[in-house]
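Pasted below: my_file_6.cif, mmCIF, C-alpha atoms (C1' of nucleotides).
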data_coords
loop_
_atom_site.group_PDB
_atom_site.id
_atom_site.type_symbol
_atom_site.label_atom_id
_atom_site.label_comp_id
_atom_site.auth_asym_id
_atom_site.auth_seq_id
_atom_site.Cartn_x
_atom_site.Cartn_y
_atom_site.Cartn_z
ATOM 1 C CA MET A 1 0.244 -16.723 9.995
ATOM 2 C CA PRO A 2 -1.889 -14.514 12.077
ATOM 3 C CA GLU A 3 -2.368 -10.940 11.022
ATOM 4 C CA LEU A 4 -5.067 -8.720 12.478
ATOM 5 C CA PRO A 5 -8.004 -10.543 10.857
ATOM 6 C CA GLU A 6 -6.844 -13.951 12.063
ATOM 7 C CA VAL A 7 -6.184 -12.628 15.567
ATOM 8 C CA GLU A 8 -9.584 -10.937 15.698
ATOM 9 C CA VAL A 9 -11.361 -13.998 14.298
ATOM 10 C CA THR A 10 -9.627 -16.038 16.989
ATOM 11 C CA ARG A 11 -10.670 -13.579 19.672
ATOM 12 C CA LEU A 12 -14.289 -13.551 18.551
ATOM 13 C CA SER A 13 -14.323 -17.339 18.497
ATOM 14 C CA PHE A 14 -13.427 -17.816 22.140
ATOM 15 C CA ALA A 15 -13.968 -14.571 24.060
ATOM 16 C CA GLN A 16 -17.656 -15.238 24.691
ATOM 17 C CA ARG A 17 -17.032 -18.739 25.945
ATOM 18 C CA ILE A 18 -14.209 -17.958 28.312
ATOM 19 C CA ARG A 19 -15.659 -14.836 29.886
ATOM 20 C CA GLY A 20 -16.399 -15.547 33.535
ATOM 21 C CA ALA A 21 -14.314 -18.723 33.582
ATOM 22 C CA VAL A 22 -12.214 -19.401 36.663
ATOM 23 C CA VAL A 23 -8.694 -20.707 36.136
ATOM 24 C CA THR A 24 -8.194 -24.186 37.566
ATOM 25 C CA GLY A 25 -4.697 -24.872 36.293
ATOM 26 C CA VAL A 26 -1.942 -23.888 33.920
ATOM 27 C CA LEU A 27 0.222 -26.254 31.904
ATOM 28 C CA LEU A 28 3.407 -25.027 30.257
ATOM 29 C CA GLY A 29 5.110 -26.772 27.345
ATOM 30 C CA LYS A 30 8.352 -25.740 25.705
ATOM 31 C CA PRO A 31 9.449 -22.123 26.170
ATOM 32 C CA LEU A 32 7.752 -19.560 23.971
ATOM 33 C CA ARG A 33 9.259 -16.253 22.950
ATOM 34 C CA TRP A 34 9.312 -14.906 26.497
ATOM 35 C CA PRO A 35 8.772 -16.449 29.912
ATOM 36 C CA LEU A 36 5.321 -16.167 31.478
ATOM 37 C CA GLY A 37 6.787 -13.908 34.140
ATOM 38 C CA LEU A 38 4.755 -15.361 36.982
ATOM 39 C CA ASP A 39 4.410 -18.588 38.920
ATOM 40 C CA PRO A 40 1.667 -20.358 36.919
ATOM 41 C CA GLY A 41 0.062 -21.481 40.172
ATOM 42 C CA ALA A 42 -0.702 -17.868 40.999
ATOM 43 C CA LEU A 43 -3.285 -17.814 38.204
ATOM 44 C CA VAL A 44 -5.438 -20.506 39.775
ATOM 45 C CA GLY A 45 -8.652 -19.026 41.105
ATOM 46 C CA GLN A 46 -8.522 -15.948 38.895
ATOM 47 C CA ARG A 47 -11.644 -15.150 36.905
ATOM 48 C CA VAL A 48 -11.495 -14.117 33.237
ATOM 49 C CA ALA A 49 -13.153 -10.747 32.798
ATOM 50 C CA ASP A 50 -12.727 -10.171 29.078
ATOM 51 C CA VAL A 51 -10.580 -10.713 26.017
ATOM 52 C CA THR A 52 -9.585 -7.688 23.951
ATOM 53 C CA ARG A 53 -7.181 -7.062 21.097
ATOM 54 C CA ARG A 54 -4.510 -4.465 20.387
ATOM 55 C CA GLY A 55 -2.794 -4.872 17.050
ATOM 56 C CA LYS A 56 -1.952 -8.559 16.794
ATOM 57 C CA TYR A 57 -1.853 -8.977 20.561
ATOM 58 C CA LEU A 58 -4.682 -10.424 22.640
ATOM 59 C CA TRP A 59 -5.250 -9.350 26.213
ATOM 60 C CA LEU A 60 -6.987 -11.813 28.494
ATOM 61 C CA ALA A 61 -7.922 -9.712 31.482
ATOM 62 C CA PHE A 62 -8.640 -11.113 34.929
ATOM 63 C CA ALA A 63 -11.321 -9.687 37.169
ATOM 64 C CA GLU A 64 -8.808 -9.464 40.013
ATOM 65 C CA GLY A 65 -6.594 -7.205 37.901
ATOM 66 C CA GLY A 66 -3.727 -8.111 35.640
ATOM 67 C CA GLY A 67 -3.940 -10.428 32.695
ATOM 68 C CA LEU A 68 -2.189 -12.395 30.017
ATOM 69 C CA LEU A 69 -0.835 -10.723 26.917
ATOM 70 C CA MET A 70 -0.827 -13.273 24.129
ATOM 71 C CA HIS A 71 0.706 -13.237 20.670
ATOM 72 C CA LEU A 72 0.318 -15.926 18.031
ATOM 73 C CA GLY A 73 3.617 -15.181 16.324
ATOM 74 C CA MET A 74 3.988 -16.812 12.950
ATOM 75 C CA SER A 75 2.400 -20.186 13.543
ATOM 76 C CA GLY A 76 0.274 -19.945 16.676
ATOM 77 C CA SER A 77 -3.390 -20.733 17.167
ATOM 78 C CA LEU A 78 -5.726 -20.927 20.133
ATOM 79 C CA ALA A 79 -8.402 -23.574 20.567
ATOM 80 C CA PHE A 80 -10.497 -25.233 23.227
ATOM 81 C CA THR A 81 -9.654 -28.782 24.127
ATOM 82 C CA ASP A 82 -11.867 -31.048 26.180
ATOM 83 C CA GLY A 83 -9.290 -30.770 28.905
ATOM 84 C CA LEU A 84 -8.460 -34.450 28.729
ATOM 85 C CA ALA A 85 -6.441 -34.439 25.515
ATOM 86 C CA GLU A 86 -2.750 -34.764 26.246
ATOM 87 C CA PRO A 87 -0.719 -31.825 24.957
ATOM 88 C CA GLY A 88 0.941 -32.577 21.626
ATOM 89 C CA ARG A 89 4.506 -31.668 20.804
ATOM 90 C CA HIS A 90 3.482 -28.206 19.647
ATOM 91 C CA ASP A 91 1.102 -27.388 22.487
ATOM 92 C CA HIS A 92 2.936 -25.015 24.780
ATOM 93 C CA PHE A 93 0.348 -23.357 26.980
ATOM 94 C CA ASP A 94 -2.887 -24.658 28.499
ATOM 95 C CA LEU A 95 -5.195 -22.434 30.491
ATOM 96 C CA ALA A 96 -7.541 -24.859 32.208
ATOM 97 C CA THR A 97 -10.727 -23.193 33.420
ATOM 98 C CA THR A 98 -14.158 -24.064 34.745
ATOM 99 C CA LEU A 99 -15.503 -23.433 31.229
ATOM 100 C CA GLY A 100 -12.944 -25.402 29.232
ATOM 101 C CA THR A 101 -9.260 -25.483 28.476
ATOM 102 C CA LEU A 102 -7.821 -22.862 26.166
ATOM 103 C CA ARG A 103 -4.735 -24.220 24.425
ATOM 104 C CA LEU A 104 -2.011 -22.428 22.485
ATOM 105 C CA THR A 105 -0.490 -24.528 19.714
ATOM 106 C CA ASP A 106 2.569 -22.995 18.098
ATOM 107 C CA PRO A 107 5.091 -25.130 16.163
ATOM 108 C CA ARG A 108 7.607 -22.349 15.618
ATOM 109 C CA ARG A 109 7.236 -20.875 19.104
ATOM 110 C CA PHE A 110 7.490 -17.246 18.002
ATOM 111 C CA GLY A 111 4.305 -16.689 19.958
ATOM 112 C CA ALA A 112 4.086 -15.569 23.554
ATOM 113 C CA VAL A 113 1.997 -15.568 26.699
ATOM 114 C CA VAL A 114 3.162 -12.971 29.179
ATOM 115 C CA TRP A 115 1.675 -11.994 32.520
ATOM 116 C CA SER A 116 1.270 -8.269 33.091
ATOM 117 C CA PRO A 117 -0.245 -6.344 35.997
ATOM 118 C CA ALA A 118 -2.161 -4.185 33.519
ATOM 119 C CA LEU A 119 -2.376 -3.384 29.840
ATOM 120 C CA ASP A 120 -0.796 0.005 30.438
ATOM 121 C CA ALA A 121 1.836 -1.143 32.908
ATOM 122 C CA GLY A 122 4.569 -3.722 33.176
ATOM 123 C CA PRO A 123 5.557 -5.961 30.255
ATOM 124 C CA ALA A 124 2.348 -5.291 28.307
ATOM 125 C CA ALA A 125 2.903 -1.543 28.297
ATOM 126 C CA LYS A 126 6.428 -2.026 27.058
ATOM 127 C CA LEU A 127 5.420 -4.370 24.259
ATOM 128 C CA LEU A 128 2.526 -2.215 23.080
ATOM 129 C CA ALA A 129 4.339 1.098 23.440
ATOM 130 C CA GLY A 130 5.431 1.525 19.843
ATOM 131 C CA LEU A 131 2.240 0.390 18.147
ATOM 132 C CA GLY A 132 0.521 2.612 15.633
ATOM 133 C CA LEU A 133 -3.188 3.321 15.275
ATOM 134 C CA GLU A 134 -5.818 0.635 14.973
ATOM 135 C CA PRO A 135 -6.869 0.505 11.305
ATOM 136 C CA PHE A 136 -10.567 0.829 12.168
ATOM 137 C CA ALA A 137 -10.039 3.742 14.553
ATOM 138 C CA PRO A 138 -11.538 6.995 13.236
ATOM 139 C CA ALA A 139 -8.150 8.637 13.784
ATOM 140 C CA PHE A 140 -6.571 6.447 11.111
ATOM 141 C CA THR A 141 -7.148 8.611 8.072
ATOM 142 C CA GLY A 142 -5.314 9.383 4.866
ATOM 143 C CA SER A 143 -3.960 12.573 6.337
ATOM 144 C CA HIS A 144 -2.693 10.740 9.398
ATOM 145 C CA LEU A 145 -0.964 8.218 7.171
ATOM 146 C CA HIS A 146 0.460 10.991 5.026
ATOM 147 C CA GLY A 147 1.790 12.843 8.052
ATOM 148 C CA ALA A 148 3.290 9.731 9.600
ATOM 149 C CA LEU A 149 5.144 8.956 6.372
ATOM 150 C CA ARG A 150 6.915 12.310 6.369
ATOM 151 C CA GLY A 151 10.659 11.782 6.457
ATOM 152 C CA ARG A 152 10.298 8.040 5.955
ATOM 153 C CA ARG A 153 12.502 6.922 3.124
ATOM 154 C CA VAL A 154 11.735 3.257 3.625
ATOM 155 C CA ALA A 155 9.524 1.563 1.025
ATOM 156 C CA ILE A 156 5.798 1.960 1.663
ATOM 157 C CA LYS A 157 5.337 -1.806 2.009
ATOM 158 C CA GLN A 158 7.891 -1.940 4.807
ATOM 159 C CA ALA A 159 6.396 1.125 6.474
ATOM 160 C CA LEU A 160 3.032 -0.671 6.592
ATOM 161 C CA LEU A 161 4.599 -3.833 7.981
ATOM 162 C CA ALA A 162 6.520 -1.968 10.670
ATOM 163 C CA GLY A 163 3.269 -1.385 12.558
ATOM 164 C CA ASP A 164 4.273 1.913 14.110
ATOM 165 C CA ILE A 165 1.942 3.909 11.851
ATOM 166 C CA VAL A 166 -0.970 1.515 11.615
ATOM 167 C CA VAL A 167 -1.182 -1.978 13.107
ATOM 168 C CA GLY A 168 -2.669 -5.157 11.765
ATOM 169 C CA ALA A 169 -1.499 -5.486 8.184
ATOM 170 C CA GLY A 170 1.065 -8.247 7.919
ATOM 171 C CA ASN A 171 2.675 -9.593 4.800
ATOM 172 C CA ILE A 172 -0.488 -10.794 3.088
ATOM 173 C CA TYR A 173 -2.671 -7.782 3.756
ATOM 174 C CA ALA A 174 0.055 -5.197 3.181
ATOM 175 C CA CYS A 175 0.551 -6.658 -0.309
ATOM 176 C CA GLU A 176 -3.180 -6.852 -0.939
ATOM 177 C CA ALA A 177 -3.895 -3.334 0.296
ATOM 178 C CA LEU A 178 -1.161 -1.879 -1.931
ATOM 179 C CA PHE A 179 -2.644 -3.724 -4.889
ATOM 180 C CA GLU A 180 -6.091 -2.415 -4.086
ATOM 181 C CA ALA A 181 -4.729 1.125 -3.858
ATOM 182 C CA GLY A 182 -2.704 0.753 -7.063
ATOM 183 C CA ILE A 183 0.576 1.655 -5.341
ATOM 184 C CA ASP A 184 3.997 0.169 -6.085
ATOM 185 C CA PRO A 185 5.270 -1.446 -2.858
ATOM 186 C CA ARG A 186 8.764 -0.040 -3.545
ATOM 187 C CA LEU A 187 7.642 3.581 -3.439
ATOM 188 C CA PRO A 188 9.518 5.453 -0.686
ATOM 189 C CA GLY A 189 7.005 6.261 2.053
ATOM 190 C CA HIS A 190 7.544 10.004 2.007
ATOM 191 C CA LYS A 191 6.747 10.144 -1.694
ATOM 192 C CA LEU A 192 3.179 8.961 -1.269
ATOM 193 C CA SER A 193 0.953 11.893 -2.189
ATOM 194 C CA ARG A 194 -1.912 12.963 0.023
ATOM 195 C CA PRO A 195 -4.629 11.656 -2.328
ATOM 196 C CA ARG A 196 -2.854 8.341 -2.615
ATOM 197 C CA SER A 197 -2.489 8.233 1.177
ATOM 198 C CA GLU A 198 -6.277 8.485 1.335
ATOM 199 C CA ARG A 199 -6.586 5.621 -1.088
ATOM 200 C CA LEU A 200 -4.110 3.506 0.836
ATOM 201 C CA ALA A 201 -5.718 4.144 4.220
ATOM 202 C CA ALA A 202 -9.060 3.110 2.747
ATOM 203 C CA ALA A 203 -7.485 0.058 1.132
ATOM 204 C CA VAL A 204 -5.888 -1.059 4.400
ATOM 205 C CA ARG A 205 -9.225 -0.753 6.183
ATOM 206 C CA GLY A 206 -11.109 -2.373 3.338
ATOM 207 C CA THR A 207 -8.732 -5.282 2.928
ATOM 208 C CA LEU A 208 -8.665 -6.061 6.634
ATOM 209 C CA ALA A 209 -12.454 -5.741 6.893
ATOM 210 C CA ARG A 210 -12.973 -8.087 3.969
ATOM 211 C CA ALA A 211 -10.542 -10.620 5.438
ATOM 212 C CA LEU A 212 -12.385 -10.397 8.746
ATOM 213 C CA GLU A 213 -15.679 -11.180 7.014
ATOM 214 C CA LEU A 214 -14.067 -14.165 5.317
ATOM 215 C CA GLY A 215 -12.727 -15.561 8.575
ATOM 216 C CA GLY A 216 -9.116 -14.641 7.837
ATOM 217 C CA SER A 217 -6.657 -16.469 5.622
ATOM 218 C CA THR A 218 -5.792 -20.142 6.021
ATOM 219 C CA LEU A 219 -2.606 -20.713 4.052
ATOM 220 C CA ARG A 220 -1.780 -23.996 5.700
ATOM 221 C CA ASP A 221 -2.898 -24.280 9.277
ATOM 222 C CA PHE A 222 -4.805 -21.280 10.607
ATOM 223 C CA ARG A 223 -7.952 -22.205 12.515
ATOM 224 C CA ASP A 224 -10.109 -20.242 14.929
ATOM 225 C CA ALA A 225 -10.879 -21.641 18.383
ATOM 226 C CA HIS A 226 -13.622 -23.823 16.897
ATOM 227 C CA GLY A 227 -11.365 -25.231 14.200
ATOM 228 C CA MET A 228 -12.873 -23.132 11.406
ATOM 229 C CA ALA A 229 -10.584 -22.224 8.503
ATOM 230 C CA GLY A 230 -10.534 -18.814 6.796
ATOM 231 C CA ALA A 231 -11.268 -18.170 3.138
ATOM 232 C CA PHE A 232 -9.535 -14.897 2.262
ATOM 233 C CA GLN A 233 -6.629 -16.712 0.583
ATOM 234 C CA LEU A 234 -9.051 -17.741 -2.156
ATOM 235 C CA HIS A 235 -9.662 -14.060 -2.899
ATOM 236 C CA ALA A 236 -6.069 -12.805 -2.834
ATOM 237 C CA HIS A 237 -5.104 -10.753 -5.883
ATOM 238 C CA VAL A 238 -1.336 -10.848 -5.485
ATOM 239 C CA TYR A 239 -0.130 -12.658 -2.367
ATOM 240 C CA GLY A 240 1.422 -16.003 -3.290
ATOM 241 C CA ARG A 241 0.523 -15.548 -6.964
ATOM 242 C CA ALA A 242 3.962 -14.981 -8.530
ATOM 243 C CA GLY A 243 3.871 -15.647 -12.266
ATOM 244 C CA GLN A 244 0.094 -15.877 -12.391
ATOM 245 C CA PRO A 245 -1.976 -13.343 -14.345
ATOM 246 C CA CYS A 246 -3.203 -10.210 -12.610
ATOM 247 C CA HIS A 247 -6.957 -10.412 -12.064
ATOM 248 C CA THR A 248 -7.282 -6.892 -13.470
ATOM 249 C CA CYS A 249 -4.865 -6.651 -16.406
ATOM 250 C CA GLY A 250 -3.475 -10.129 -16.991
ATOM 251 C CA THR A 251 0.160 -9.146 -16.427
ATOM 252 C CA ALA A 252 2.218 -11.726 -14.535
ATOM 253 C CA ILE A 253 2.358 -10.994 -10.805
ATOM 254 C CA ARG A 254 5.905 -10.322 -9.610
ATOM 255 C CA ARG A 255 7.629 -11.495 -6.453
ATOM 256 C CA ILE A 256 10.429 -9.416 -4.973
ATOM 257 C CA VAL A 257 12.090 -9.354 -1.561
ATOM 258 C CA GLN A 258 11.912 -6.339 0.744
ATOM 259 C CA GLY A 259 13.453 -6.478 4.195
ATOM 260 C CA GLN A 260 13.845 -10.261 3.965
ATOM 261 C CA ARG A 261 10.108 -10.633 3.300
ATOM 262 C CA ALA A 262 8.453 -11.586 0.041
ATOM 263 C CA THR A 263 6.392 -8.895 -1.673
ATOM 264 C CA TYR A 264 3.910 -9.638 -4.455
ATOM 265 C CA PHE A 265 2.572 -6.998 -6.800
ATOM 266 C CA CYS A 266 1.305 -6.276 -10.289
ATOM 267 C CA PRO A 267 3.959 -4.301 -12.187
ATOM 268 C CA LEU A 268 1.304 -2.700 -14.395
ATOM 269 C CA CYS A 269 -1.540 -1.900 -11.993
ATOM 270 C CA GLN A 270 0.685 -0.671 -9.164
ATOM 271 C CA LYS A 271 2.528 2.557 -9.893
ATOM 272 C CA ARG A 272 5.329 4.499 -8.237
ATOM 273 C "C1'" DC B 1 15.437 9.174 14.680
ATOM 274 C "C1'" DT B 2 15.814 6.090 10.728
ATOM 275 C "C1'" DG B 3 16.918 2.008 8.463
ATOM 276 C "C1'" DG B 4 18.975 -2.453 7.698
ATOM 277 C "C1'" DG B 5 19.938 -6.978 9.097
ATOM 278 C "C1'" DC B 6 19.739 -10.802 12.308
ATOM 279 C "C1'" DT B 7 17.401 -13.730 15.294
ATOM 280 C "C1'" DC B 8 14.211 -16.917 17.593
ATOM 281 C "C1'" DC B 9 12.088 -22.205 15.843
ATOM 282 C "C1'" DT B 10 10.005 -26.033 13.218
ATOM 283 C "C1'" DG B 11 7.809 -27.857 9.141
ATOM 284 C "C1'" DT B 12 7.311 -28.305 4.265
ATOM 285 C "C1'" DC B 13 8.528 -28.441 -0.326
ATOM 286 C "C1'" DA B 14 11.393 -28.043 -4.580
ATOM 287 C "C1'" DG B 15 15.376 -29.610 -6.674
ATOM 288 C "C1'" DC B 16 19.165 -32.550 -7.319
ATOM 289 C "C1'" DT C 1 14.173 -42.497 -1.794
ATOM 290 C "C1'" DG C 2 17.131 -39.204 0.661
ATOM 291 C "C1'" DC C 3 19.536 -35.084 1.581
ATOM 292 C "C1'" DT C 4 19.995 -29.893 1.337
ATOM 293 C "C1'" DG C 5 18.621 -25.382 1.109
ATOM 294 C "C1'" DA C 6 15.089 -22.007 0.661
ATOM 295 C "C1'" DC C 7 11.122 -20.219 2.530
ATOM 296 C "C1'" DA C 8 6.958 -19.450 5.657
ATOM 297 C "C1'" DG C 9 1.515 -15.556 8.198
ATOM 298 C "C1'" DG C 10 5.986 -11.656 13.215
ATOM 299 C "C1'" DA C 11 8.529 -8.410 15.389
ATOM 300 C "C1'" DG C 12 12.065 -7.317 18.997
ATOM 301 C "C1'" DC C 13 16.721 -5.987 19.238
ATOM 302 C "C1'" DC C 14 21.228 -4.324 18.072
ATOM 303 C "C1'" DC C 15 24.184 -1.553 15.422
ATOM 304 C "C1'" DA C 16 25.473 1.940 11.958
#
Represent the structure of the file as structure tokens.
Amino acid sequence: MPELPEVEVTRLSFAQRIRGAVVTGVLLGKPLRWPLGLDPGALVGQRVADVTRRGKYLWLAFAEGGGLLMHLGMSGSLAFTDGLAEPGRHDHFDLATTLGTLRLTDPRRFGAVVWSPALDAGPAAKLLAGLGLEPFAPAFTGSHLHGALRGRRVAIKQALLAGDIVVGAGNIYACEALFEAGIDPRLPGHKLSRPRSERLAAAVRGTLARALELGGSTLRDFRDAHGMAGAFQLHAHVYGRAGQPCHTCGTAIRRIVQGQRATYFCPLCQKR
DNA sequence: CTGGGCTCCTGTCAGC
DNA sequence: TGCTGACAGGAGCCCA
């Protein structure tokens, strides 16, 4: 589910409210992707300083140092509960605080909450080490993209998804950005010309920015911390539209598989 | 270093 | 109606 827009929408929906909160308890459900890495009791009394984002990871920093690195995986979402609601079968992490209880719900449990002594040390540093540039960072330009694709024979769609060049575009937005840039998702990365790299970098930024404005995509169950759904899925040009007419040329949208992931594209508008 | 494939887990839906 | 298999928004890890 959550790509950069959904993660950022989630962050914006609860960061303000939880800032300054003091942890009063932690409740763990079934195991997530990795263990917390700390006795949950050790978090009691810690004060939340801020919530930031790196790629699709959230970092909930404590004033005393250290913090929780959180990932929503494929099916995770964060929301406030009134603190009295019993955890459901898919609720696997509760952070009870003086300002409310933040709850991670994640049916598939690909998500994670991991304690780290700092963002640039310990488990967090290891997990974030290979991440590419933030799409909205000034350094993410067409020439950066072009340079990073040198020697990459993998298809451009998969290079975007890999996240080591630029973070944030998952399956939906990688497909949408390639449509917007008019690029065939099967094109080997190193064959993307410099001008088309400019177009693609702009399309990645533009697509993610638009999704952010629309509150992300809610395909089935994404909600921000206030329960608000996103609306980008209503504006998708290719994702999930196999067989339907292209909004630009009317050609049937195609679905192929790349790296075990579905790719949607317009065979006429998107060129090699 | 690059690339390909597998894996974690549960829910939903299409097809028979 | 009930069962089975495919597929789903991610990404770390292992091996060639």
Inset, instruction - Enumerate as a PyMOL selection string the residues belonging to chain A that approach chain C to within 9 Å, with all atoms listed in the file taken into account. - result: chain A and resi 1-3+72-75+110-111+127+162+170-172+217-219+222
Written file, previous selection with C-alpha atoms, as a compact mmCIF listing (two decimals), in the coordinates of the input:
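So result.txt came out as:
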# COMPACT_ATOMS: atom_id res chain seq x y z
CA MET A 1 0.24 -16.72 9.99
CA PRO A 2 -1.89 -14.51 12.08
CA GLU A 3 -2.37 -10.94 11.02
CA LEU A 72 0.32 -15.93 18.03
CA GLY A 73 3.62 -15.18 16.32
CA MET A 74 3.99 -16.81 12.95
CA SER A 75 2.40 -20.19 13.54
CA PHE A 110 7.49 -17.25 18.00
CA GLY A 111 4.30 -16.69 19.96
CA LEU A 127 5.42 -4.37 24.26
CA ALA A 162 6.52 -1.97 10.67
CA GLY A 170 1.06 -8.25 7.92
CA ASN A 171 2.68 -9.59 4.80
CA ILE A 172 -0.49 -10.79 3.09
CA SER A 217 -6.66 -16.47 5.62
CA THR A 218 -5.79 -20.14 6.02
CA LEU A 219 -2.61 -20.71 4.05
CA PHE A 222 -4.80 -21.28 10.61
Inset, instruction - Using the chain letters and residue numbers of this document, give as a VMD selection string the residues selected by the PyMOL selection byres ((chain B) within 10 of (chain A)). - result: chain B and resid 1 to 5 8 to 11
Inset, instruction - Convert the output of the PyMOL selection byres ((chain A and resi 143) around 10) on the shown file into explicit residues, formatted as a ChimeraX atom specification. - result: /A:139-142,144-149,193-198,201
Please dump the current selection as a PDB file, in the coordinates of the input; keep C-alpha atoms.
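Listed below is the output, selection.pdb:
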ATOM      1  CA  ALA A 139      -8.150   8.637  13.784  1.00  0.00           C
ATOM      2  CA  PHE A 140      -6.571   6.447  11.111  1.00  0.00           C
ATOM      3  CA  THR A 141      -7.148   8.611   8.072  1.00  0.00           C
ATOM      4  CA  GLY A 142      -5.314   9.383   4.866  1.00  0.00           C
ATOM      5  CA  HIS A 144      -2.693  10.740   9.398  1.00  0.00           C
ATOM      6  CA  LEU A 145      -0.964   8.218   7.171  1.00  0.00           C
ATOM      7  CA  HIS A 146       0.460  10.991   5.026  1.00  0.00           C
ATOM      8  CA  GLY A 147       1.790  12.843   8.052  1.00  0.00           C
ATOM      9  CA  ALA A 148       3.290   9.731   9.600  1.00  0.00           C
ATOM     10  CA  LEU A 149       5.144   8.956   6.372  1.00  0.00           C
ATOM     11  CA  SER A 193       0.953  11.893  -2.189  1.00  0.00           C
ATOM     12  CA  ARG A 194      -1.912  12.963   0.023  1.00  0.00           C
ATOM     13  CA  PRO A 195      -4.629  11.656  -2.328  1.00  0.00           C
ATOM     14  CA  ARG A 196      -2.854   8.341  -2.615  1.00  0.00           C
ATOM     15  CA  SER A 197      -2.489   8.233   1.177  1.00  0.00           C
ATOM     16  CA  GLU A 198      -6.277   8.485   1.335  1.00  0.00           C
ATOM     17  CA  ALA A 201      -5.718   4.144   4.220  1.00  0.00           C
TER      18      ALA A 201
END
Inset, instruction - Mind giving me the straight-line distance from atom CA of Leu36 of chain A to atom CA of Gly76 of chain A in Å, one decimal? - result: 16.1 Å
Inset, instruction - Given the file shown, determine the residues that the PyMOL selection byres ((chain A and resi 69) around 7) selects; report them as a PyMOL selection string. - result: chain A and resi 57-60+67-68+70-71+113-116+124
Legend entry - Separation of atom CA of Val23 of chain A from atom CA of Val44 of chain A, in Å and rounded to one decimal: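 Computing it gives 4.9 Å between the two atoms.
Across the structure, atom CA of Leu131 of chain A and atom CA of Glu8 of chain A are spaced 16.6 Å apart.
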Legend entry - Closest of A:Phe136, A:Gln270, A:Gly122, A:Thr248 to Leu187 of chain A - atom-to-atom distances counting all atoms listed in the file: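 Among the listed residues, A:Gln270 lies closest to Leu187 of chain A.
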All file atoms of segment 4-22 of chain A boxed axis-aligned, 8 Å per side, centre plus edges, as lines of an AutoDock Vina configuration file:
center_x = -11.4
center_y = -14.1
center_z = 23.8
size_x = 28.6
size_y = 26.7
size_z = 41.8
Counting all atoms listed in the file, what is within 9 Å of Asp50 of chain A, bar same-chain residues fewer than 6 positions away, as a PDB file with C-alpha atoms, in the coordinates of the input?
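Writing the result to selection19.pdb gives the following:
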ATOM      1  CA  ALA A  15     -13.968 -14.571  24.060  1.00  0.00           C
ATOM      2  CA  GLN A  16     -17.656 -15.238  24.691  1.00  0.00           C
ATOM      3  CA  ILE A  18     -14.209 -17.958  28.312  1.00  0.00           C
ATOM      4  CA  ARG A  19     -15.659 -14.836  29.886  1.00  0.00           C
ATOM      5  CA  GLY A  20     -16.399 -15.547  33.535  1.00  0.00           C
ATOM      6  CA  TRP A  59      -5.250  -9.350  26.213  1.00  0.00           C
ATOM      7  CA  LEU A  60      -6.987 -11.813  28.494  1.00  0.00           C
ATOM      8  CA  ALA A  61      -7.922  -9.712  31.482  1.00  0.00           C
ATOM      9  CA  PHE A  62      -8.640 -11.113  34.929  1.00  0.00           C
ATOM     10  CA  ALA A  63     -11.321  -9.687  37.169  1.00  0.00           C
TER      11      ALA A  63
END
